[in-house]
Amino acid sequence: MRGIEPEPGVEGAADGDGAEVWTAEAPSPYGLLSHVLPPVNYEGGPVDWTGPPSLWGTDPARRL
């Protein structure tokens with residue numbers, strides 16, 4: 001199954017499946033993490049997640 005193809009001429013579009021436009025890598029407590037970028041695209045919108053996932057069981061308890 002192929003991913004979403006970026007339109008030709010879109011900045012960052014690459015030969016192949018175009019996944020480079022929609023994915024990124026970041027260091028995390030688990031090692032190098034390959035992840036999909038946020039699914040929004042508007043001026044002033046987020047361009048990446050706020051941070052990597054934390055180690056299981058290390059987040060402080062909090063009420064939602």
# chains A, B, ... in the order shown; residues from 1 in each chain; ligands from 1

$ residues_around --residues "Val40 in chain A" --least-positions-apart "5" --cutoff "12 Å" --atoms "only C-alpha atoms" --output "PyMOL selection string"
chain A and resi 22+45-49

$ atom_distance --atom1 "CA of Thr23 in chain A" --atom2 "CA of Gly57 in chain A"
26.6 Å

$ atom_distance --atom1 "CA of Ser28 in chain A" --atom2 "CA of Pro53 in chain A"
6.9 Å

$ closest_residue --among "A:Gly51, A:Val21, A:Thr58, A:Arg63" --to "Pro39 in chain A" --atoms "only C-alpha atoms"
A:Val21

$ closest_residue --among "A:Asp59, A:Leu64, A:Ala19, A:Ser54" --to "Leu33 in chain A" --atoms "only C-alpha atoms"
A:Ser54

$ select_by_dssp --residues "range 17-46 of chain A" --states "strand (DSSP E or B)" --output "list of chain:residue names"
A:Thr23, A:Ala24, A:Glu25, A:Ala26, A:Pro27, A:Ser28, A:Gly31, A:Leu32, A:Leu33, A:Ser34, A:His35, A:Val36

$ atom_distance --atom1 "CA of Glu43 in chain A" --atom2 "CA of Gly18 in chain A"
22.1 Å

$ closest_residue --among "A:Tyr42, A:Tyr30, A:Glu20, A:Glu25" --to "Trp56 in chain A" --atoms "only C-alpha atoms"
A:Tyr30

$ decode --residues "range 8-62 of chain A" --atoms "C-alpha atoms" --output "PDB file, in the first residue's frame"
ATOM      1  CA  PRO A   8       4.740  17.444  -8.190  1.00  0.00           C
ATOM      2  CA  GLY A   9       6.661  20.612  -7.458  1.00  0.00           C
ATOM      3  CA  VAL A  10       5.711  20.693  -3.760  1.00  0.00           C
ATOM      4  CA  GLU A  11       8.640  21.811  -1.641  1.00  0.00           C
ATOM      5  CA  GLY A  12      10.337  18.780  -0.104  1.00  0.00           C
ATOM      6  CA  ALA A  13       8.882  16.318  -2.619  1.00  0.00           C
ATOM      7  CA  ALA A  14      11.351  13.573  -3.446  1.00  0.00           C
ATOM      8  CA  ASP A  15      11.589  10.773  -5.965  1.00  0.00           C
ATOM      9  CA  GLY A  16      10.122   7.484  -4.772  1.00  0.00           C
ATOM     10  CA  ASP A  17       7.111   7.229  -2.497  1.00  0.00           C
ATOM     11  CA  GLY A  18       7.337  10.796  -1.133  1.00  0.00           C
ATOM     12  CA  ALA A  19       7.328   9.670   2.512  1.00  0.00           C
ATOM     13  CA  GLU A  20      10.135  12.103   3.343  1.00  0.00           C
ATOM     14  CA  VAL A  21       7.639  14.962   3.110  1.00  0.00           C
ATOM     15  CA  TRP A  22       5.381  13.464   5.805  1.00  0.00           C
ATOM     16  CA  THR A  23       7.909  11.865   8.189  1.00  0.00           C
ATOM     17  CA  ALA A  24      10.754  12.942  10.470  1.00  0.00           C
ATOM     18  CA  GLU A  25      13.258  11.428  12.874  1.00  0.00           C
ATOM     19  CA  ALA A  26      14.019  12.575  16.418  1.00  0.00           C
ATOM     20  CA  PRO A  27      16.044  11.252  19.348  1.00  0.00           C
ATOM     21  CA  SER A  28      13.939   9.720  22.148  1.00  0.00           C
ATOM     22  CA  PRO A  29      14.484   7.639  25.296  1.00  0.00           C
ATOM     23  CA  TYR A  30      13.890   4.609  23.049  1.00  0.00           C
ATOM     24  CA  GLY A  31      16.536   5.602  20.490  1.00  0.00           C
ATOM     25  CA  LEU A  32      16.053   7.292  17.144  1.00  0.00           C
ATOM     26  CA  LEU A  33      12.309   7.583  16.516  1.00  0.00           C
ATOM     27  CA  SER A  34      10.849   7.733  13.002  1.00  0.00           C
ATOM     28  CA  HIS A  35       7.421   9.351  13.120  1.00  0.00           C
ATOM     29  CA  VAL A  36       4.711  10.928  11.014  1.00  0.00           C
ATOM     30  CA  LEU A  37       4.395  14.702  11.310  1.00  0.00           C
ATOM     31  CA  PRO A  38       1.176  16.351  12.601  1.00  0.00           C
ATOM     32  CA  PRO A  39      -1.686  16.048  10.081  1.00  0.00           C
ATOM     33  CA  VAL A  40      -2.433  19.784  10.004  1.00  0.00           C
ATOM     34  CA  ASN A  41      -1.117  22.389   7.626  1.00  0.00           C
ATOM     35  CA  TYR A  42      -1.971  26.031   8.180  1.00  0.00           C
ATOM     36  CA  GLU A  43       0.004  29.204   8.760  1.00  0.00           C
ATOM     37  CA  GLY A  44       1.131  29.260  12.372  1.00  0.00           C
ATOM     38  CA  GLY A  45       0.184  25.593  12.868  1.00  0.00           C
ATOM     39  CA  PRO A  46       2.490  23.043  14.459  1.00  0.00           C
ATOM     40  CA  VAL A  47       5.255  21.706  12.243  1.00  0.00           C
ATOM     41  CA  ASP A  48       6.271  18.879  14.598  1.00  0.00           C
ATOM     42  CA  TRP A  49       5.170  17.297  17.881  1.00  0.00           C
ATOM     43  CA  THR A  50       6.129  19.026  21.154  1.00  0.00           C
ATOM     44  CA  GLY A  51       8.502  16.226  22.120  1.00  0.00           C
ATOM     45  CA  PRO A  52       9.233  12.518  21.938  1.00  0.00           C
ATOM     46  CA  PRO A  53       7.309   9.929  23.962  1.00  0.00           C
ATOM     47  CA  SER A  54       8.507   9.442  27.526  1.00  0.00           C
ATOM     48  CA  LEU A  55       9.540   6.132  29.002  1.00  0.00           C
ATOM     49  CA  TRP A  56       6.591   3.977  30.074  1.00  0.00           C
ATOM     50  CA  GLY A  57       5.580   4.736  33.678  1.00  0.00           C
ATOM     51  CA  THR A  58       7.739   7.862  34.115  1.00  0.00           C
ATOM     52  CA  ASP A  59       5.073  10.561  33.634  1.00  0.00           C
ATOM     53  CA  PRO A  60       3.684  12.045  36.868  1.00  0.00           C
ATOM     54  CA  ALA A  61       0.062  11.195  37.718  1.00  0.00           C
ATOM     55  CA  ARG A  62      -2.390  13.998  36.979  1.00  0.00           C
TER      56      ARG A  62
END
